[in-house]
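J.: This is the content of entry.csv (CSV, C-alpha atoms and all ligand atoms):
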```
chain,number,residue,atom,x,y,z
Y,1,VAL,CA,86.0,106.3,86.8
Y,2,SER,CA,89.4,106.7,88.3
Y,3,VAL,CA,91.3,103.8,89.7
Y,4,ILE,CA,94.3,104.5,91.8
Y,5,GLN,CA,96.6,101.5,92.6
Y,6,VAL,CA,98.3,101.3,95.9
Y,7,MET,CA,101.6,99.7,95.1
Y,8,LEU,CA,102.7,97.3,97.9
Y,9,GLY,CA,104.0,94.2,96.1
Y,10,ASP,CA,101.7,91.3,96.5
Y,11,ARG,CA,99.5,93.4,98.8
Y,12,SER,CA,98.8,96.0,96.2
Y,13,TYR,CA,95.1,97.0,95.7
Y,14,PRO,CA,92.9,99.3,93.7
Y,15,ILE,CA,91.0,102.3,95.0
Y,16,ALA,CA,88.1,102.9,92.6
Y,17,ILE,CA,86.4,106.3,92.6
Y,18,ARG,CA,83.1,106.8,90.8
Y,19,SER,CA,79.8,108.5,91.4
Y,20,GLY,CA,77.0,106.0,91.9
Y,21,SER,CA,79.4,103.1,92.4
Y,22,LEU,CA,77.8,102.1,95.8
Y,23,ALA,CA,75.5,99.8,93.9
Y,24,ASP,CA,78.4,98.0,92.2
Y,25,VAL,CA,80.5,97.2,95.3
Y,26,GLY,CA,79.0,93.7,95.3
Y,27,GLU,CA,80.1,93.1,91.7
Y,28,ALA,CA,83.6,94.4,92.4
Y,29,ILE,CA,83.9,92.1,95.4
Y,30,ALA,CA,82.7,89.1,93.4
Y,31,LYS,CA,85.1,89.9,90.6
Y,32,GLU,CA,88.2,90.9,92.5
Y,33,LEU,CA,87.9,88.6,95.5
Y,34,GLY,CA,85.6,85.7,94.4
Y,35,ALA,CA,84.0,85.8,97.9
Y,36,ARG,CA,80.6,84.3,98.5
Y,37,ARG,CA,79.7,85.9,101.8
Y,38,ALA,CA,80.0,89.5,102.7
Y,39,PHE,CA,79.7,90.9,106.3
Y,40,VAL,CA,78.8,94.5,106.0
Y,41,VAL,CA,79.8,96.4,109.1
Y,42,THR,CA,78.1,99.8,109.4
Y,43,THR,CA,76.3,102.2,111.8
Y,44,PRO,CA,72.6,102.7,112.0
Y,45,ARG,CA,72.8,106.2,110.4
Y,46,VAL,CA,74.8,105.1,107.4
Y,47,ALA,CA,72.8,101.9,107.1
Y,48,GLU,CA,69.6,103.9,106.8
Y,49,ALA,CA,71.0,106.2,104.1
Y,50,HIS,CA,73.2,103.8,102.1
Y,51,ALA,CA,73.1,100.1,103.0
Y,52,THR,CA,70.1,99.3,100.7
Y,53,ALA,CA,72.1,100.3,97.6
Y,54,VAL,CA,75.0,98.1,98.7
Y,55,ALA,CA,72.8,95.2,99.6
Y,56,ALA,CA,70.9,95.4,96.2
Y,57,GLY,CA,74.1,95.3,94.3
Y,58,MET,CA,75.3,92.3,96.3
Y,59,ALA,CA,72.1,90.4,95.7
Y,60,ARG,CA,72.4,91.1,91.9
Y,61,VAL,CA,75.7,89.0,91.9
Y,62,HIS,CA,74.4,86.5,94.4
Y,63,LEU,CA,76.7,87.6,97.1
Y,64,ALA,CA,75.1,86.8,100.5
Y,65,GLU,CA,75.0,90.0,102.5
Y,66,GLU,CA,74.8,90.0,106.3
Y,67,ARG,CA,74.8,93.3,108.2
Y,68,LEU,CA,76.5,94.0,111.5
Y,69,LEU,CA,75.8,97.2,113.3
Y,70,VAL,CA,78.3,99.2,115.4
Y,71,PRO,CA,77.7,102.4,117.3
Y,72,GLU,CA,78.0,105.8,115.6
Y,73,GLY,CA,81.3,107.6,115.5
Y,74,GLU,CA,84.2,107.2,117.9
Y,75,ARG,CA,82.1,104.9,120.2
Y,76,ALA,CA,82.6,102.1,117.6
Y,77,LYS,CA,86.3,102.1,118.1
Y,78,THR,CA,86.6,99.9,121.2
Y,79,LEU,CA,87.9,96.4,122.1
Y,80,ARG,CA,84.3,95.7,123.2
Y,81,THR,CA,82.9,96.4,119.8
Y,82,ALA,CA,85.7,94.3,118.2
Y,83,SER,CA,85.0,91.5,120.6
Y,84,ARG,CA,81.2,91.7,119.8
Y,85,LEU,CA,82.1,91.5,116.1
Y,86,TYR,CA,84.3,88.4,116.6
Y,87,ASP,CA,81.3,86.8,118.5
Y,88,GLU,CA,78.9,87.5,115.7
Y,89,LEU,CA,81.3,86.4,113.0
Y,90,LEU,CA,81.8,83.1,114.8
Y,91,ASP,CA,78.1,82.7,115.5
Y,92,ARG,CA,77.4,83.1,111.8
Y,93,GLY,CA,80.2,80.8,110.6
Y,94,ALA,CA,82.4,83.4,108.9
Y,95,GLU,CA,85.6,81.8,107.5
Y,96,ARG,CA,88.6,82.9,105.5
Y,97,GLY,CA,86.6,83.0,102.3
Y,98,SER,CA,84.2,85.6,103.7
Y,99,VAL,CA,84.9,89.2,103.3
Y,100,LEU,CA,84.4,92.0,105.8
Y,101,VAL,CA,83.1,95.3,104.3
Y,102,GLY,CA,83.5,98.5,106.2
Y,103,LEU,CA,80.7,100.9,105.2
Y,104,GLY,CA,81.0,104.2,107.1
Y,105,GLY,CA,83.3,106.9,108.3
Y,106,GLY,CA,86.8,106.5,109.5
Y,107,ALA,CA,85.7,105.1,112.8
Y,108,VAL,CA,84.0,102.2,111.2
Y,109,GLY,CA,86.9,101.7,108.9
Y,110,ASP,CA,89.4,101.6,111.7
Y,111,VAL,CA,87.5,99.0,113.8
Y,112,VAL,CA,86.5,96.8,110.8
Y,113,GLY,CA,90.1,96.9,109.7
Y,114,PHE,CA,91.3,95.9,113.1
Y,115,VAL,CA,88.8,93.0,113.3
Y,116,ALA,CA,89.6,91.9,109.7
Y,117,SER,CA,93.3,91.8,110.5
Y,118,THR,CA,93.0,89.7,113.6
Y,119,PHE,CA,90.0,87.4,113.0
Y,120,LEU,CA,91.4,84.0,112.0
Y,121,ARG,CA,94.7,85.8,111.6
Y,122,GLY,CA,93.3,87.9,108.8
Y,123,ILE,CA,90.3,87.7,106.5
Y,124,PRO,CA,89.8,89.9,103.3
Y,125,LEU,CA,88.8,93.5,103.9
Y,126,VAL,CA,87.0,95.9,101.6
Y,127,GLN,CA,86.6,99.6,102.6
Y,128,VAL,CA,83.6,101.6,101.4
Y,129,PRO,CA,84.2,105.0,103.1
Y,130,THR,CA,81.2,107.3,103.4
Y,131,THR,CA,82.7,110.5,104.8
Y,132,LEU,CA,85.0,112.8,102.9
Y,133,LEU,CA,87.7,112.3,105.5
Y,134,ALA,CA,87.5,108.5,105.3
Y,135,GLN,CA,87.5,108.7,101.5
Y,136,VAL,CA,90.7,110.8,101.2
Y,137,ASP,CA,92.5,109.7,104.3
Y,138,ALA,CA,91.3,107.0,106.7
Y,139,SER,CA,90.5,104.3,104.0
Y,140,VAL,CA,93.9,104.6,102.3
Y,141,GLY,CA,97.0,103.2,103.8
Y,142,GLY,CA,96.0,100.3,106.0
Y,143,LYS,CA,96.2,101.7,109.5
Y,144,THR,CA,93.6,100.1,111.8
Y,145,ALA,CA,92.9,101.0,115.3
Y,146,VAL,CA,90.7,100.9,118.4
Y,147,ASN,CA,91.0,103.3,121.3
Y,148,HIS,CA,92.2,102.5,124.8
Y,149,PRO,CA,91.1,104.4,127.9
Y,150,ARG,CA,94.6,105.9,128.0
Y,151,GLY,CA,94.4,107.3,124.5
Y,152,LYS,CA,93.2,107.2,121.0
Y,153,ASN,CA,94.4,104.6,118.5
Y,154,LEU,CA,96.7,102.9,120.9
Y,155,ILE,CA,95.7,99.4,119.8
Y,156,GLY,CA,96.0,98.6,116.2
Y,157,THR,CA,97.7,97.0,113.2
Y,158,PHE,CA,98.8,97.7,109.7
Y,159,TYR,CA,96.5,95.7,107.4
Y,160,GLN,CA,95.8,96.6,103.8
Y,161,PRO,CA,92.3,96.2,102.4
Y,162,ARG,CA,91.9,94.2,99.1
Y,163,LEU,CA,89.8,96.9,97.6
Y,164,VAL,CA,88.5,100.4,98.3
Y,165,CYS,CA,85.3,101.6,96.7
Y,166,ILE,CA,84.7,105.4,96.8
Y,167,ASP,CA,81.3,106.8,95.8
Y,168,PRO,CA,81.3,110.6,96.1
Y,169,ASP,CA,77.5,110.7,95.9
Y,170,VAL,CA,77.2,109.4,99.5
Y,171,LEU,CA,78.6,112.7,100.7
Y,172,ALA,CA,75.3,114.4,99.9
Y,173,THR,CA,73.9,113.1,103.3
Y,174,LEU,CA,77.0,114.3,105.2
Y,175,PRO,CA,76.6,117.4,107.4
Y,176,ALA,CA,78.5,120.4,106.0
Y,177,ARG,CA,80.8,120.7,109.0
Y,178,MET,CA,82.0,117.1,108.5
Y,179,ARG,CA,82.6,117.8,104.8
Y,180,ARG,CA,84.9,120.6,105.8
Y,181,SER,CA,86.9,118.2,108.0
Y,182,GLY,CA,87.7,116.2,104.8
Y,183,ILE,CA,88.5,119.3,102.9
Y,184,ALA,CA,91.2,120.1,105.5
Y,185,GLU,CA,92.9,116.8,104.8
Y,186,ILE,CA,92.7,117.5,101.0
Y,187,ILE,CA,94.3,120.9,101.5
Y,188,LYS,CA,96.9,119.2,103.6
Y,189,VAL,CA,98.1,116.7,101.0
Y,190,ALA,CA,98.2,119.4,98.3
Y,191,ALA,CA,100.3,121.6,100.6
Y,192,ILE,CA,102.9,119.0,101.4
Y,193,TRP,CA,103.1,117.2,98.0
Y,194,ASP,CA,101.6,118.9,94.9
Y,195,ALA,CA,101.8,122.6,94.1
Y,196,VAL,CA,99.7,122.1,90.9
Y,197,PHE,CA,96.9,120.5,92.9
Y,198,PHE,CA,97.1,123.3,95.5
Y,199,ALA,CA,96.7,125.9,92.7
Y,200,TRP,CA,93.8,123.8,91.3
Y,201,LEU,CA,92.1,123.9,94.7
Y,202,GLU,CA,92.5,127.7,94.7
Y,203,SER,CA,90.5,127.7,91.4
Y,204,ASN,CA,87.9,125.0,92.3
Y,205,LEU,CA,87.4,124.9,96.0
Y,206,GLU,CA,83.8,126.2,96.1
Y,207,ALA,CA,82.7,123.7,93.4
Y,208,VAL,CA,84.2,120.9,95.4
Y,209,MET,CA,82.5,122.1,98.6
Y,210,ARG,CA,79.2,122.3,96.7
Y,211,LEU,CA,79.8,118.7,95.7
Y,212,VAL,CA,79.7,119.4,92.0
Y,213,ARG,CA,80.3,116.0,90.5
Y,214,GLU,CA,83.4,116.5,88.3
Y,215,PRO,CA,85.5,118.7,90.5
Y,216,LEU,CA,84.5,116.6,93.6
Y,217,GLU,CA,85.7,113.4,91.8
Y,218,GLU,CA,88.8,115.2,90.7
Y,219,ALA,CA,89.7,116.4,94.2
Y,220,ILE,CA,89.1,113.0,95.8
Y,221,THR,CA,91.1,111.3,93.1
Y,222,ARG,CA,94.1,113.6,93.4
Y,223,ALA,CA,94.1,113.5,97.2
Y,224,VAL,CA,93.8,109.7,97.2
Y,225,ALA,CA,96.6,109.4,94.6
Y,226,ILE,CA,98.9,111.5,96.8
Y,227,LYS,CA,98.2,109.4,99.9
Y,228,ALA,CA,98.5,106.2,97.9
Y,229,GLU,CA,101.9,107.3,96.5
Y,230,VAL,CA,103.2,108.2,100.0
Y,231,VAL,CA,102.0,105.0,101.5
Y,232,GLY,CA,103.5,103.0,98.6
Y,233,LEU,CA,106.9,104.6,99.3
Y,234,ASP,CA,106.7,104.2,103.1
Y,235,GLU,CA,104.0,101.9,104.4
Y,236,ARG,CA,105.1,101.8,108.0
Y,237,GLU,CA,105.9,105.4,108.5
Y,238,ALA,CA,109.6,105.0,108.7
Y,239,GLY,CA,110.1,108.3,107.0
Y,240,LEU,CA,108.1,109.9,104.2
Y,241,ARG,CA,104.7,109.0,105.5
Y,242,ALA,CA,105.3,111.3,108.5
Y,243,LEU,CA,104.8,114.2,106.1
Y,244,LEU,CA,101.1,113.4,106.3
Y,245,ASN,CA,101.2,114.6,109.9
Y,246,PHE,CA,101.5,118.2,108.6
Y,247,GLY,CA,99.4,120.3,110.9
Y,248,HIS,CA,98.8,117.3,113.2
Y,249,THR,CA,101.3,118.0,116.0
Y,250,LEU,CA,99.4,121.1,117.1
Y,251,GLY,CA,96.2,119.7,115.7
Y,252,HIS,CA,96.3,116.7,118.1
Y,253,ALA,CA,97.4,118.9,120.9
Y,254,ILE,CA,94.3,121.1,120.3
Y,255,GLU,CA,92.1,118.1,120.5
Y,256,ASN,CA,93.9,116.8,123.6
Y,257,VAL,CA,94.1,120.0,125.6
Y,258,GLY,CA,90.5,120.7,124.6
Y,259,SER,CA,90.8,124.5,124.7
Y,260,TYR,CA,88.8,124.6,121.4
Y,261,ARG,CA,86.0,122.5,122.7
Y,262,GLY,CA,84.0,121.0,120.0
Y,263,ALA,CA,86.5,121.7,117.2
Y,264,THR,CA,86.4,118.9,114.6
Y,265,HIS,CA,89.5,117.1,113.7
Y,266,GLY,CA,89.7,119.1,110.4
Y,267,GLU,CA,89.3,122.4,112.3
Y,268,ALA,CA,92.1,121.4,114.7
Y,269,VAL,CA,94.3,120.4,111.8
Y,270,ALA,CA,93.6,123.6,110.0
Y,271,MET,CA,94.8,125.6,113.0
Y,272,GLY,CA,97.8,123.2,113.3
Y,273,MET,CA,98.7,123.8,109.6
Y,274,VAL,CA,98.5,127.6,110.0
Y,275,PHE,CA,100.8,127.2,113.0
Y,276,ALA,CA,103.3,125.0,111.1
Y,277,ALA,CA,103.3,127.3,108.1
Y,278,ALA,CA,104.0,130.3,110.3
Y,279,LEU,CA,106.8,128.5,112.0
Y,280,SER,CA,108.2,127.5,108.7
Y,281,GLU,CA,108.1,131.0,107.4
Y,282,SER,CA,109.6,132.6,110.5
Y,283,ARG,CA,112.5,130.2,110.3
Y,284,GLY,CA,113.1,131.2,106.7
Y,285,LEU,CA,112.3,127.6,105.5
Y,286,CYS,CA,109.8,128.7,103.0
Y,287,PRO,CA,109.1,131.8,100.9
Y,288,ALA,CA,107.3,134.7,102.5
Y,289,GLY,CA,103.6,134.6,101.6
Y,290,THR,CA,103.3,130.8,101.9
Y,291,ARG,CA,101.3,131.0,105.1
Y,292,ALA,CA,99.1,133.7,103.6
Y,293,ARG,CA,98.1,131.5,100.7
Y,294,LEU,CA,97.3,128.6,102.9
Y,295,VAL,CA,95.3,130.8,105.3
Y,296,ALA,CA,93.3,132.2,102.4
Y,297,LEU,CA,92.4,128.8,101.1
Y,298,LEU,CA,91.4,127.5,104.6
Y,299,ALA,CA,89.3,130.5,105.2
Y,300,ARG,CA,87.4,129.9,101.9
Y,301,ALA,CA,86.7,126.4,103.1
Y,302,GLY,CA,85.1,127.7,106.2
Y,303,LEU,CA,88.0,126.4,108.3
Y,304,PRO,CA,89.8,128.2,111.1
Y,305,SER,CA,92.5,130.4,109.6
Y,306,ALA,CA,94.5,131.4,112.7
Y,307,ALA,CA,97.0,129.5,114.6
Y,308,PRO,CA,95.8,128.3,118.0
Y,309,ASP,CA,96.2,130.5,121.0
Y,310,TRP,CA,98.4,128.1,123.0
Y,311,HIS,CA,100.2,130.7,125.1
Y,312,ALA,CA,97.8,130.7,128.0
Y,313,GLN,CA,98.0,127.0,128.3
Y,314,ARG,CA,101.6,126.5,127.3
Y,315,ASP,CA,102.3,123.7,129.8
Y,316,ALA,CA,99.3,121.6,128.7
Y,317,TYR,CA,100.3,122.1,125.0
Y,318,LEU,CA,103.9,121.1,125.7
Y,319,ARG,CA,102.8,118.0,127.5
Y,320,ALA,CA,100.4,117.2,124.6
Y,321,ILE,CA,103.1,117.4,121.9
Y,322,SER,CA,105.8,115.6,123.8
Y,323,VAL,CA,106.3,112.1,122.5
Y,324,ASP,CA,107.9,111.0,125.8
Y,325,LYS,CA,105.9,113.0,128.4
Y,326,LYS,CA,108.8,112.9,130.8
Y,327,ILE,CA,111.7,114.0,128.6
Y,328,ARG,CA,110.9,117.7,127.8
Y,329,ASP,CA,113.9,118.4,125.5
Y,330,GLU,CA,113.6,115.3,123.4
Y,331,LYS,CA,113.3,116.3,119.7
Y,332,LEU,CA,110.3,115.2,117.8
Y,333,GLY,CA,109.7,115.1,114.1
Y,334,PHE,CA,107.8,118.3,113.1
Y,335,VAL,CA,106.6,118.8,109.5
Y,336,VAL,CA,107.5,122.1,108.0
Y,337,LEU,CA,106.7,123.6,104.5
Y,338,ARG,CA,109.6,124.4,102.2
Y,339,GLU,CA,107.1,125.9,99.8
Y,340,LEU,CA,103.5,125.1,98.8
Y,341,GLY,CA,103.7,121.5,97.5
Y,342,ARG,CA,106.8,120.5,99.3
Y,343,ALA,CA,107.4,119.6,103.0
Y,344,GLU,CA,110.1,118.2,105.2
Y,345,VAL,CA,110.4,116.7,108.7
Y,346,ILE,CA,112.8,118.5,111.0
Y,347,GLY,CA,113.7,117.6,114.6
Y,348,LEU,CA,112.5,120.2,117.1
Y,349,ALA,CA,112.2,120.0,120.9
Y,350,PRO,CA,108.8,120.8,122.2
Y,351,ALA,CA,110.1,124.1,123.7
Y,352,GLU,CA,111.5,125.1,120.3
Y,353,ILE,CA,108.0,124.5,118.8
Y,354,LEU,CA,106.3,126.4,121.6
Y,355,PRO,CA,108.9,128.9,122.8
Y,356,GLU,CA,108.5,130.7,126.1
Y,357,GLY,CA,107.3,134.3,126.2
Y,358,THR,CA,106.4,134.9,122.6
Y,359,ALA,CA,102.8,135.8,123.2
Y,401,LIG,N1,93.3,104.8,109.7
Y,401,LIG,C1,93.7,106.0,109.3
Y,401,LIG,O1,94.7,106.1,108.6
Y,401,LIG,C2,92.9,107.2,109.8
Y,401,LIG,C3,93.2,108.4,109.2
Y,401,LIG,C4,92.4,109.5,109.6
Y,401,LIG,C5,91.4,109.3,110.6
Y,401,LIG,N2,91.1,108.1,111.1
Y,401,LIG,C6,90.1,107.9,112.1
Y,401,LIG,O2,88.8,108.2,111.5
Y,401,LIG,C7,87.9,108.6,112.5
Y,401,LIG,C8,87.1,109.8,112.1
Y,401,LIG,O3,86.4,109.5,110.9
Y,401,LIG,P1,85.2,110.4,110.3
Y,401,LIG,O4,85.6,111.8,110.3
Y,401,LIG,O5,84.9,109.7,109.0
Y,401,LIG,O6,84.0,110.3,111.3
Y,401,LIG,P2,83.2,109.0,111.9
Y,401,LIG,O7,83.6,107.8,111.3
Y,401,LIG,O8,83.4,109.1,113.4
Y,401,LIG,O9,81.7,109.3,111.5
Y,401,LIG,C9,81.0,110.4,112.1
Y,401,LIG,C10,79.5,110.2,111.9
Y,401,LIG,O10,79.1,110.4,110.6
Y,401,LIG,C11,78.2,109.3,110.2
Y,401,LIG,N3,78.3,109.2,108.8
Y,401,LIG,C12,79.2,108.6,108.0
Y,401,LIG,N4,79.0,108.7,106.7
Y,401,LIG,C13,77.9,109.4,106.6
Y,401,LIG,C14,77.1,109.9,105.5
Y,401,LIG,N5,77.5,109.6,104.2
Y,401,LIG,N6,76.0,110.6,105.7
Y,401,LIG,C15,75.6,110.9,107.0
Y,401,LIG,N7,76.3,110.5,108.1
Y,401,LIG,C16,77.4,109.7,107.9
Y,401,LIG,C17,78.8,108.2,111.0
Y,401,LIG,O11,77.8,107.1,111.1
Y,401,LIG,C18,79.1,108.8,112.3
Y,401,LIG,O12,78.0,108.9,113.1
Y,401,LIG,C19,88.7,108.8,113.8
Y,401,LIG,O13,88.5,107.8,114.7
Y,401,LIG,C20,90.2,108.8,113.3
Y,401,LIG,O14,91.0,108.3,114.2
Y,401,LIG,C21,91.9,107.0,110.7
Y,402,ZN,ZN,94.0,114.0,110.2
```
Translate this file's structure into structure tokens.

T.:
Amino acid sequence: VSVIQVMLGDRSYPIAIRSGSLADVGEAIAKELGARRAFVVTTPRVAEAHATAVAAGMARVHLAEERLLVPEGERAKTLRTASRLYDELLDRGAERGSVLVGLGGGAVGDVVGFVASTFLRGIPLVQVPTTLLAQVDASVGGKTAVNHPRGKNLIGTFYQPRLVCIDPDVLATLPARMRRSGIAEIIKVAAIWDAVFFAWLESNLEAVMRLVREPLEEAITRAVAIKAEVVGLDEREAGLRALLNFGHTLGHAIENVGSYRGATHGEAVAMGMVFAAALSESRGLCPAGTRARLVALLARAGLPSAAPDWHAQRDAYLRAISVDKKIRDEKLGFVVLRELGRAEVIGLAPAEILPEGTA
């Protein structure tokens, strides 16, 4: 078992990582929170594969489990779903001593977190992430969100869970393509923060991808530890936390412009990381060969290993990366690599990121 502590004063909390721990979530909740009722929010697909183990563990410690279903994937992240959850919680008499448990991917985690942070001005939240992306990224750090018709994640709060329980075994039911999305975020944190971990991934990537127990646990633990450390230093993204956006400026643009229709978030971020590494290298900010090492690792993970072809749609890409859509030359924080394991945010105008006529 590894336990990573997120250090945020009186809001500190543990993230426990252990194979087979799904059945012990109930015990951990009873012990750490002393709650008597648990509302488990999940999706039909995850419920079918994993909710029984959670429920059995809760029954064992006499924790009353009630299940609330939300739609699969991004469709869960709406005010409508949140509102429906408030109704159900009120109907069933949830109160401050109840705990909300998010069992699912990042989408479930985001909407459950949002509801937990607002219902009765906040009730205890436990995250049980079931995708690799949610385990190493979304469940750590306390960002909650629902989408708005005008854009993703526009409505949300910062609200830390009381406990995060990660069981790598649940990844066995996850489609391979979704696993790779999580691998992209693991490679990301290694690239910005930990050269030793990056080298470790170069030696162990295939084993992690095959879900071999020990290396998988190790990879999750190291990735979670890095994100926890960064969040502990900068909870509200005033500075350091922005490093976690490595590859995301272009990654989000790829998702918004839609020129790579069907690309997963991880695939878009992989292309964005290659782009950012190339930019870093061409500006002399990192040693030659940095980009090549990153590309090689991404390729082994089955992720895209080329920067996006933005030239043909430069205007759309410029619009997508601009913070203020009206001010074209306003600088934005762009994450560059100084070497593998060390990154930095520099101010660049959109037109400096995507210069004219370089195709
Ligand atoms: N809060 C944060 O800091 C943060 C960080 C990164 C991403 N996110 C959010 O996370 C979301 C993406 O999360 P995701 O990639 O986990 O996808 P997801 O939550 O959309 O899940 C995708 C699908 O996989 C299913 N699924 C989940 N676990 C499974 C399992 N073990 N076996 C089989 N199927 C399973 C889900 O039910 C869903 O249908 C986005 O909405 C993104 O904005 C949030
Ligand atoms: Zn991401």

J.: Residues within 6 Å of ligand LIG 401 (chain Y), counting only C-alpha atoms and all ligand atoms: report them as a compact mmCIF listing (two decimals) with C-alpha atoms, keeping the file's coordinate frame.

T.:
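The resulting selection.txt:
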```txt
# COMPACT_ATOMS: atom_id res chain seq x y z
CA THR Y 43 76.30 102.20 111.80
CA ARG Y 45 72.80 106.20 110.40
CA VAL Y 46 74.80 105.10 107.40
CA GLU Y 72 78.00 105.80 115.60
CA GLY Y 73 81.30 107.60 115.50
CA GLU Y 74 84.20 107.20 117.90
CA GLY Y 104 81.00 104.20 107.10
CA GLY Y 105 83.30 106.90 108.30
CA GLY Y 106 86.80 106.50 109.50
CA ALA Y 107 85.70 105.10 112.80
CA VAL Y 108 84.00 102.20 111.20
CA ASP Y 110 89.40 101.60 111.70
CA THR Y 130 81.20 107.30 103.40
CA THR Y 131 82.70 110.50 104.80
CA LEU Y 133 87.70 112.30 105.50
CA ALA Y 134 87.50 108.50 105.30
CA ASP Y 137 92.50 109.70 104.30
CA ALA Y 138 91.30 107.00 106.70
CA LYS Y 143 96.20 101.70 109.50
CA THR Y 144 93.60 100.10 111.80
CA VAL Y 170 77.20 109.40 99.50
CA LEU Y 171 78.60 112.70 100.70
CA THR Y 173 73.90 113.10 103.30
CA LEU Y 174 77.00 114.30 105.20
```

J.: CA of Ser280 (chain Y) to CA of Val189 (chain Y): how many Å, to one decimal?

T.: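 Rounded to one decimal, the two atoms are 16.7 Å apart.
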
J.: Need to verify the contact set: Val54 (chain Y), 7 Å, only C-alpha atoms, exclusion of same-chain residues closer than 6 positions in sequence. Can you return it as a compact mmCIF listing (two decimals) with C-alpha atoms, keeping the file's coordinate frame?

T.:
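Written output follows (part-v4.txt):
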```
# COMPACT_ATOMS: atom_id res chain seq x y z
CA LEU Y 22 77.80 102.10 95.80
CA ALA Y 23 75.50 99.80 93.90
CA VAL Y 25 80.50 97.20 95.30
CA GLY Y 26 79.00 93.70 95.30
```

J.: For Ala47 (chain Y), which residue out of Y:Ala292, Y:Leu340, Y:Leu103, Y:Leu85 is the nearest one, using all atoms listed in the file?

T.: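 Of all the options, Y:Leu103 lies closest to Ala47 (chain Y).
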
J.: Check which residues of chain Y sit at most 8 Å from ligand ZN 402 (chain Y) using only C-alpha atoms and all ligand atoms, and return one row each with the closest pair of atoms and their distance in Å to one decimal, ordered by chain and rising number, as JSON lines.

T.:
```
{"residue": "Y:Asp137", "atom": "CA", "partner": "Y:ZN402", "partner_atom": "ZN", "distance": 7.5}
{"residue": "Y:Glu185", "atom": "CA", "partner": "Y:ZN402", "partner_atom": "ZN", "distance": 6.2}
{"residue": "Y:Asn245", "atom": "CA", "partner": "Y:ZN402", "partner_atom": "ZN", "distance": 7.2}
{"residue": "Y:His248", "atom": "CA", "partner": "Y:ZN402", "partner_atom": "ZN", "distance": 6.6}
{"residue": "Y:His265", "atom": "CA", "partner": "Y:ZN402", "partner_atom": "ZN", "distance": 6.5}
{"residue": "Y:Gly266", "atom": "CA", "partner": "Y:ZN402", "partner_atom": "ZN", "distance": 6.7}
{"residue": "Y:Val269", "atom": "CA", "partner": "Y:ZN402", "partner_atom": "ZN", "distance": 6.6}
```

J.: For the residues in that selection, give me C-alpha atoms as a compact mmCIF listing (two decimals), in the frame of the given file.

T.:
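Just written: result06.txt:
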```txt
# COMPACT_ATOMS: atom_id res chain seq x y z
CA ASP Y 137 92.50 109.70 104.30
CA GLU Y 185 92.90 116.80 104.80
CA ASN Y 245 101.20 114.60 109.90
CA HIS Y 248 98.80 117.30 113.20
CA HIS Y 265 89.50 117.10 113.70
CA GLY Y 266 89.70 119.10 110.40
CA VAL Y 269 94.30 120.40 111.80
```

J.: Quote the spacing between CA of Glu27 (chain Y) and CA of His62 (chain Y) in Å to one decimal place.

T.: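 Result for CA of Glu27 (chain Y) versus CA of His62 (chain Y): 9.1 Å, one decimal.
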
J.: Excluding same-chain residues fewer than 3 positions from region 330-339 of chain Y, what lies within 10 Å of it counting all atoms listed in the file, as a PyMOL selection string?

T.: chain Y and resi 191-193+195+239+242-250+273+275-281+283-291+321-327+342-353

J.: To one decimal place in Å, what is the distance between CA of Lys227 (chain Y) and CA of Ala263 (chain Y)?

T.: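 Here the two named atoms are 24.2 Å from each other.
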
J.: Could you name the residues that touch region 115-126 of chain Y at 8 Å or less, counting all atoms listed in the file, but leaving out those on the same chain fewer than 6 positions away, as a list in words?

T.: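 Listed by chain and then number, they are Ile29, Ala82, Leu85, Tyr86, Glu95, Arg96, Gly97, Ser98, Val99, Leu100, Val101, Gly102, Thr157, Tyr159, Gln160, Pro161, Arg162, Leu163, Val164 and Cys165 of chain Y.
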
J.: Between Y:Gly142, Y:Pro215, Y:Pro149, Y:Gly302, single out the one closest to Ser12 (chain Y), counting only C-alpha atoms.

T.: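 Nearest to Ser12 (chain Y): Y:Gly142.
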
J.: Centre and edge lengths of an axis-aligned box around all listed atoms of region 14-29 of chain Y, with 6 Å added on each side, are to be given in Å to one decimal, as AutoDock Vina command-line options.

T.:
```
--center_x 84.2 --center_y 100.3 --center_z 93.3 --size_x 29.4 --size_y 28.4 --size_z 17.0
```

J.: Point out the residue among Y:Arg75, Y:Val295, Y:Ala253, Y:Glu229 with the least atom-to-atom distance to Leu354 (chain Y), counting only C-alpha atoms.

T.: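 That would be Y:Ala253, the residue with the smallest distance to Leu354 (chain Y).
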
J.: Choose the residue, out of Y:Leu132, Y:Arg67, Y:Ala301, Y:Val111, that has the smallest atom-to-atom separation from Glu202 (chain Y); count only C-alpha atoms.

T.: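 The answer is Y:Ala301, which sits nearest to Glu202 (chain Y).
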
J.: Which residue out of Y:Leu303, Y:Gln127, Y:Glu65, Y:Lys152 has the minimum interatomic distance to His252 (chain Y) when all atoms listed in the file are used?

T.: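 Among Y:Leu303, Y:Gln127, Y:Glu65, Y:Lys152, it is Y:Lys152 that comes nearest to His252 (chain Y).
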
J.: For Asp309 (chain Y), work out the shell of residues within 10 Å, counting all atoms listed in the file and skipping chain neighbours fewer than 5 positions away, then give it as a ChimeraX atom specification.

T.: /Y:254,259-260,271,275,314,359

J.: For Met209 (chain Y), which of Y:Ala176, Y:Ala312, Y:Ile166, Y:Ala55 is the closest residue, counting only C-alpha atoms?

T.: Y:Ala176

J.: Up to 10 Å from (79.3, 117.5, 114.1) in the file's coordinates: name the residues, counting all atoms listed in the file, as a list in words.

T.: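 I get Leu174, Pro175, Ala176, Arg177, Met178, Arg179, Ser181, Gly262, Ala263 and Thr264 of chain Y for the residues within 10 Å of that point.
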